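Text of coords03.cif (mmCIF, N, CA and C atoms) as supplied:
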data_final
#
loop_
_atom_site.group_PDB
_atom_site.id
_atom_site.type_symbol
_atom_site.label_atom_id
_atom_site.label_comp_id
_atom_site.auth_asym_id
_atom_site.auth_seq_id
_atom_site.Cartn_x
_atom_site.Cartn_y
_atom_site.Cartn_z
ATOM 1 N N MET O 1 21.546 25.167 -14.758
ATOM 2 C CA MET O 1 20.445 25.658 -13.976
ATOM 3 C C MET O 1 19.304 26.087 -14.894
ATOM 4 N N GLU O 2 19.639 26.680 -16.016
ATOM 5 C CA GLU O 2 18.597 27.147 -16.928
ATOM 6 C C GLU O 2 17.715 25.998 -17.403
ATOM 7 N N ALA O 3 18.314 24.842 -17.637
ATOM 8 C CA ALA O 3 17.530 23.685 -18.072
ATOM 9 C C ALA O 3 16.557 23.246 -16.991
ATOM 10 N N LYS O 4 17.004 23.259 -15.729
ATOM 11 C CA LYS O 4 16.122 22.859 -14.625
ATOM 12 C C LYS O 4 15.016 23.873 -14.406
ATOM 13 N N LEU O 5 15.364 25.164 -14.513
ATOM 14 C CA LEU O 5 14.368 26.212 -14.281
ATOM 15 C C LEU O 5 13.402 26.361 -15.442
ATOM 16 N N GLY O 6 13.847 26.007 -16.623
ATOM 17 C CA GLY O 6 13.011 26.168 -17.801
ATOM 18 C C GLY O 6 12.975 27.597 -18.300
ATOM 19 N N ARG O 7 13.990 28.371 -17.944
ATOM 20 C CA ARG O 7 14.087 29.761 -18.396
ATOM 21 C C ARG O 7 15.540 30.195 -18.351
ATOM 22 N N LYS O 8 15.823 31.310 -19.000
ATOM 23 C CA LYS O 8 17.170 31.868 -18.964
ATOM 24 C C LYS O 8 17.369 32.642 -17.665
ATOM 25 N N LEU O 9 18.588 32.606 -17.159
ATOM 26 C CA LEU O 9 18.921 33.390 -15.972
ATOM 27 C C LEU O 9 19.079 34.854 -16.341
ATOM 28 N N THR O 10 18.717 35.732 -15.440
ATOM 29 C CA THR O 10 18.990 37.147 -15.647
ATOM 30 C C THR O 10 20.484 37.361 -15.423
ATOM 31 N N SER O 11 20.995 38.495 -15.846
ATOM 32 C CA SER O 11 22.422 38.756 -15.630
ATOM 33 C C SER O 11 22.732 38.863 -14.140
ATOM 34 N N ALA O 12 21.817 39.392 -13.341
ATOM 35 C CA ALA O 12 22.034 39.477 -11.891
ATOM 36 C C ALA O 12 22.094 38.080 -11.270
ATOM 37 N N GLU O 13 21.226 37.181 -11.709
ATOM 38 C CA GLU O 13 21.241 35.810 -11.206
ATOM 39 C C GLU O 13 22.521 35.092 -11.613
ATOM 40 N N SER O 14 22.918 35.289 -12.849
ATOM 41 C CA SER O 14 24.155 34.680 -13.334
ATOM 42 C C SER O 14 25.362 35.204 -12.549
ATOM 43 N N ASP O 15 25.375 36.507 -12.283
ATOM 44 C CA ASP O 15 26.467 37.095 -11.504
ATOM 45 C C ASP O 15 26.522 36.514 -10.091
ATOM 46 N N LYS O 16 25.363 36.278 -9.485
ATOM 47 C CA LYS O 16 25.343 35.676 -8.153
ATOM 48 C C LYS O 16 26.055 34.327 -8.156
ATOM 49 N N ILE O 17 25.866 33.568 -9.221
ATOM 50 C CA ILE O 17 26.480 32.244 -9.319
ATOM 51 C C ILE O 17 27.978 32.363 -9.563
ATOM 52 N N TRP O 18 28.363 33.136 -10.558
ATOM 53 C CA TRP O 18 29.774 33.171 -10.958
ATOM 54 C C TRP O 18 30.647 34.002 -10.045
ATOM 55 N N ASN O 19 30.075 34.871 -9.243
ATOM 56 C CA ASN O 19 30.868 35.696 -8.334
ATOM 57 C C ASN O 19 30.923 35.109 -6.923
ATOM 58 N N THR O 20 30.815 33.794 -6.819
ATOM 59 C CA THR O 20 30.887 33.171 -5.493
ATOM 60 C C THR O 20 32.262 33.319 -4.876
ATOM 61 N N GLY O 21 33.279 33.444 -5.709
ATOM 62 C CA GLY O 21 34.625 33.659 -5.199
ATOM 63 C C GLY O 21 35.417 32.400 -4.931
ATOM 64 N N SER O 22 34.830 31.235 -5.149
ATOM 65 C CA SER O 22 35.579 30.006 -4.891
ATOM 66 C C SER O 22 34.996 28.844 -5.683
ATOM 67 N N PHE O 23 35.838 27.851 -5.902
ATOM 68 C CA PHE O 23 35.357 26.635 -6.547
ATOM 69 C C PHE O 23 34.402 25.898 -5.625
ATOM 70 N N GLN O 24 34.629 26.001 -4.316
ATOM 71 C CA GLN O 24 33.735 25.353 -3.357
ATOM 72 C C GLN O 24 32.335 25.952 -3.448
ATOM 73 N N GLY O 25 32.255 27.263 -3.614
ATOM 74 C CA GLY O 25 30.960 27.912 -3.771
ATOM 75 C C GLY O 25 30.236 27.433 -5.014
ATOM 76 N N LEU O 26 30.979 27.290 -6.104
ATOM 77 C CA LEU O 26 30.379 26.787 -7.341
ATOM 78 C C LEU O 26 29.929 25.338 -7.173
ATOM 79 N N GLU O 27 30.716 24.546 -6.451
ATOM 80 C CA GLU O 27 30.353 23.152 -6.208
ATOM 81 C C GLU O 27 29.064 23.065 -5.375
ATOM 82 N N MET O 28 28.926 23.933 -4.393
ATOM 83 C CA MET O 28 27.704 23.946 -3.571
ATOM 84 C C MET O 28 26.485 24.296 -4.419
ATOM 85 N N ILE O 29 26.645 25.238 -5.321
ATOM 86 C CA ILE O 29 25.545 25.610 -6.213
ATOM 87 C C ILE O 29 25.206 24.449 -7.137
ATOM 88 N N ASP O 30 26.230 23.788 -7.658
ATOM 89 C CA ASP O 30 26.013 22.630 -8.526
ATOM 90 C C ASP O 30 25.242 21.534 -7.789
ATOM 91 N N MET O 31 25.589 21.290 -6.544
ATOM 92 C CA MET O 31 24.888 20.272 -5.751
ATOM 93 C C MET O 31 23.440 20.695 -5.493
ATOM 94 N N ALA O 32 23.221 21.969 -5.243
ATOM 95 C CA ALA O 32 21.855 22.456 -5.028
ATOM 96 C C ALA O 32 21.002 22.249 -6.275
ATOM 97 N N ILE O 33 21.593 22.479 -7.435
ATOM 98 C CA ILE O 33 20.873 22.265 -8.690
ATOM 99 C C ILE O 33 20.542 20.782 -8.848
ATOM 100 N N HIS O 34 21.530 19.958 -8.612
ATOM 101 C CA HIS O 34 21.363 18.510 -8.806
ATOM 102 C C HIS O 34 20.312 17.917 -7.866
ATOM 103 N N TYR O 35 20.313 18.357 -6.610
ATOM 104 C CA TYR O 35 19.429 17.752 -5.609
ATOM 105 C C TYR O 35 18.145 18.539 -5.350
ATOM 106 N N ALA O 36 17.879 19.570 -6.133
ATOM 107 C CA ALA O 36 16.664 20.367 -5.931
ATOM 108 C C ALA O 36 15.424 19.483 -6.086
ATOM 109 N N GLN O 37 14.522 19.572 -5.128
ATOM 110 C CA GLN O 37 13.302 18.769 -5.142
ATOM 111 C C GLN O 37 12.242 19.356 -6.068
ATOM 112 N N SER O 38 12.300 20.668 -6.255
ATOM 113 C CA SER O 38 11.307 21.311 -7.116
ATOM 114 C C SER O 38 11.905 22.587 -7.713
ATOM 115 N N ILE O 39 11.244 23.099 -8.715
ATOM 116 C CA ILE O 39 11.676 24.355 -9.323
ATOM 117 C C ILE O 39 11.532 25.493 -8.313
ATOM 118 N N ASP O 40 10.485 25.454 -7.512
ATOM 119 C CA ASP O 40 10.291 26.492 -6.498
ATOM 120 C C ASP O 40 11.439 26.510 -5.494
ATOM 121 N N ALA O 41 11.909 25.329 -5.097
ATOM 122 C CA ALA O 41 13.029 25.244 -4.160
ATOM 123 C C ALA O 41 14.296 25.804 -4.792
ATOM 124 N N LEU O 42 14.498 25.530 -6.063
ATOM 125 C CA LEU O 42 15.666 26.043 -6.773
ATOM 126 C C LEU O 42 15.584 27.557 -6.930
ATOM 127 N N GLU O 43 14.394 28.067 -7.232
ATOM 128 C CA GLU O 43 14.189 29.524 -7.323
ATOM 129 C C GLU O 43 14.482 30.185 -5.973
ATOM 130 N N ALA O 44 14.029 29.570 -4.884
ATOM 131 C CA ALA O 44 14.274 30.120 -3.551
ATOM 132 C C ALA O 44 15.768 30.104 -3.227
ATOM 133 N N TYR O 45 16.453 29.028 -3.606
ATOM 134 C CA TYR O 45 17.901 28.948 -3.370
ATOM 135 C C TYR O 45 18.615 30.054 -4.136
ATOM 136 N N LEU O 46 18.252 30.232 -5.389
ATOM 137 C CA LEU O 46 18.865 31.261 -6.219
ATOM 138 C C LEU O 46 18.606 32.652 -5.647
ATOM 139 N N ALA O 47 17.400 32.894 -5.188
ATOM 140 C CA ALA O 47 17.062 34.200 -4.611
ATOM 141 C C ALA O 47 17.841 34.447 -3.323
ATOM 142 N N GLY O 48 18.171 33.389 -2.609
ATOM 143 C CA GLY O 48 18.885 33.527 -1.343
ATOM 144 C C GLY O 48 20.388 33.679 -1.472
ATOM 145 N N LEU O 49 20.921 33.468 -2.670
ATOM 146 C CA LEU O 49 22.360 33.639 -2.849
ATOM 147 C C LEU O 49 22.717 35.107 -2.687
ATOM 148 N N PRO O 50 23.795 35.392 -1.972
ATOM 149 C CA PRO O 50 24.181 36.797 -1.809
ATOM 150 C C PRO O 50 24.785 37.362 -3.086
ATOM 151 N N ALA O 51 24.536 38.629 -3.328
ATOM 152 C CA ALA O 51 25.150 39.320 -4.469
ATOM 153 C C ALA O 51 26.538 39.764 -4.036
ATOM 154 N N ARG O 52 27.530 39.408 -4.817
ATOM 155 C CA ARG O 52 28.905 39.777 -4.502
ATOM 156 C C ARG O 52 29.512 40.516 -5.682
ATOM 157 N N ASP O 53 30.501 41.323 -5.366
ATOM 158 C CA ASP O 53 31.234 42.007 -6.422
ATOM 159 C C ASP O 53 32.047 40.986 -7.201
ATOM 160 N N PRO O 54 32.269 41.241 -8.488
ATOM 161 C CA PRO O 54 33.099 40.328 -9.264
ATOM 162 C C PRO O 54 34.528 40.311 -8.731
ATOM 163 N N LEU O 55 35.211 39.208 -8.986
ATOM 164 C CA LEU O 55 36.616 39.125 -8.607
ATOM 165 C C LEU O 55 37.415 40.125 -9.430
ATOM 166 N N PRO O 56 38.522 40.629 -8.873
ATOM 167 C CA PRO O 56 39.366 41.536 -9.651
ATOM 168 C C PRO O 56 39.876 40.842 -10.913
ATOM 169 N N GLU O 57 40.131 41.632 -11.936
ATOM 170 C CA GLU O 57 40.539 41.077 -13.222
ATOM 171 C C GLU O 57 41.809 40.247 -13.121
ATOM 172 N N ARG O 58 42.702 40.582 -12.200
ATOM 173 C CA ARG O 58 43.953 39.823 -12.086
ATOM 174 C C ARG O 58 43.704 38.361 -11.729
ATOM 175 N N TYR O 59 42.529 38.053 -11.144
ATOM 176 C CA TYR O 59 42.195 36.686 -10.802
ATOM 177 C C TYR O 59 41.439 35.960 -11.920
ATOM 178 N N THR O 60 40.885 36.718 -12.833
ATOM 179 C CA THR O 60 40.053 36.105 -13.872
ATOM 180 C C THR O 60 40.620 36.244 -15.276
ATOM 181 N N LYS O 61 41.717 36.984 -15.407
ATOM 182 C CA LYS O 61 42.316 37.225 -16.715
ATOM 183 C C LYS O 61 42.867 35.917 -17.282
ATOM 184 N N ARG O 62 42.563 35.680 -18.537
ATOM 185 C CA ARG O 62 43.089 34.483 -19.217
ATOM 186 C C ARG O 62 44.395 34.859 -19.909
ATOM 187 N N PHE O 63 45.319 33.960 -19.839
ATOM 188 C CA PHE O 63 46.648 34.212 -20.440
ATOM 189 C C PHE O 63 46.762 33.575 -21.793
#
Kindly present the structure from the file in structure tokens form.
Amino acid sequence: MEAKLGRKLTSAESDKIWNTGSFQGLEMIDMAIHYAQSIDALEAYLAGLPARDPLPERYTKRF
């Protein structure tokens, strides 16, 4: 997304993406990035993503 936007994501924006809670959510974001018609449309999509709490550590802990 940073390459398409031409800037670095803020930590809040990055959290919106990674805290979707599902692979399907990440896939939807990936498709939005791929098919975005303009940077403004991508910025609007990013702004519209809901802020969610991070997943509990038991789901994200690497073994």
(request) Could you jot down the CA of Met31 in chain O to CA of Arg7 in chain O separation for me, Å, one decimal place? (result)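 Between CA of Met31 in chain O and CA of Arg7 in chain O the gap is 19.1 Å.
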(request) Can you work out the spacing between CA of Leu49 in chain O and CA of Ile29 in chain O in Å, to one decimal? (result)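 One can read the CA of Leu49 in chain O to CA of Ile29 in chain O distance as 9.3 Å.
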(message) Just to confirm, what's the straight-line distance from CA of Lys16 in chain O to CA of Arg52 in chain O in Å (one decimal)?
(response)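 Between these atoms lies a distance of 6.5 Å.
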Which residues, protein or nucleic acid, reach to within 8 Å of (16.4, 35.8, -9.7) in the file's coordinates when using all atoms listed in the file, and can you give that as a compact mmCIF listing (two decimals) with N, CA and C atoms, in the frame of the given file?
# COMPACT_ATOMS: atom_id res chain seq x y z
N LEU O 9 18.59 32.61 -17.16
CA LEU O 9 18.92 33.39 -15.97
C LEU O 9 19.08 34.85 -16.34
N THR O 10 18.72 35.73 -15.44
CA THR O 10 18.99 37.15 -15.65
C THR O 10 20.48 37.36 -15.42
N ALA O 12 21.82 39.39 -13.34
CA ALA O 12 22.03 39.48 -11.89
C ALA O 12 22.09 38.08 -11.27
N GLU O 13 21.23 37.18 -11.71
CA GLU O 13 21.24 35.81 -11.21
C GLU O 13 22.52 35.09 -11.61
N SER O 14 22.92 35.29 -12.85
CA SER O 14 24.16 34.68 -13.33
C SER O 14 25.36 35.20 -12.55
N GLU O 43 14.39 28.07 -7.23
CA GLU O 43 14.19 29.52 -7.32
C GLU O 43 14.48 30.18 -5.97
N LEU O 46 18.25 30.23 -5.39
CA LEU O 46 18.86 31.26 -6.22
C LEU O 46 18.61 32.65 -5.65
N ALA O 47 17.40 32.89 -5.19
CA ALA O 47 17.06 34.20 -4.61
C ALA O 47 17.84 34.45 -3.32
N GLY O 48 18.17 33.39 -2.61
CA GLY O 48 18.89 33.53 -1.34
C GLY O 48 20.39 33.68 -1.47
(message) When you count only C-alpha atoms, which of these residues is closest to Lys4 in chain O: O:Asp40, O:Tyr59, O:Ile33, O:Ala51?
(response)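 Distance minimum relative to Lys4 in chain O lands on O:Ile33.
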(message) Selection in question (the file shown): the PyMOL selection byres (((chain O and resi 20 and name CA) around 9) and name CA). Which residues does it include, as a list in words?
(response)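 Selection result, ordered by chain and number: Asp15, Lys16, Ile17, Trp18, Asn19, Gly21, Ser22, Phe23, Gln24, Gly25, Leu26, Leu49, Pro50, Ala51, Arg52, Asp53, Pro54 and Leu55 of chain O.
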(request) May I ask which of the residues O:Lys8, O:Ala32, O:Arg62, O:Ala3 is the closest one to Tyr45 in chain O, counting only C-alpha atoms? (result)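 Among the listed residues, the smallest separation from Tyr45 in chain O belongs to O:Ala32.
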(request) Go through chain O and collect every residue that DSSP, computed from the backbone, puts in alpha helix (DSSP H); the answer should be as a ChimeraX atom specification. (result) /O:2-5,11-18,23-35,39-48,57-60
Once you add 3 Å to each side, what are the centre and edge lengths of the axis-aligned box holding all listed atoms of range 19-38 of chain O? One decimal in Å, as AutoDock Vina command-line options, if you can.
--center_x 23.6 --center_y 26.7 --center_z -6.3 --size_x 30.5 --size_y 23.9 --size_z 11.9
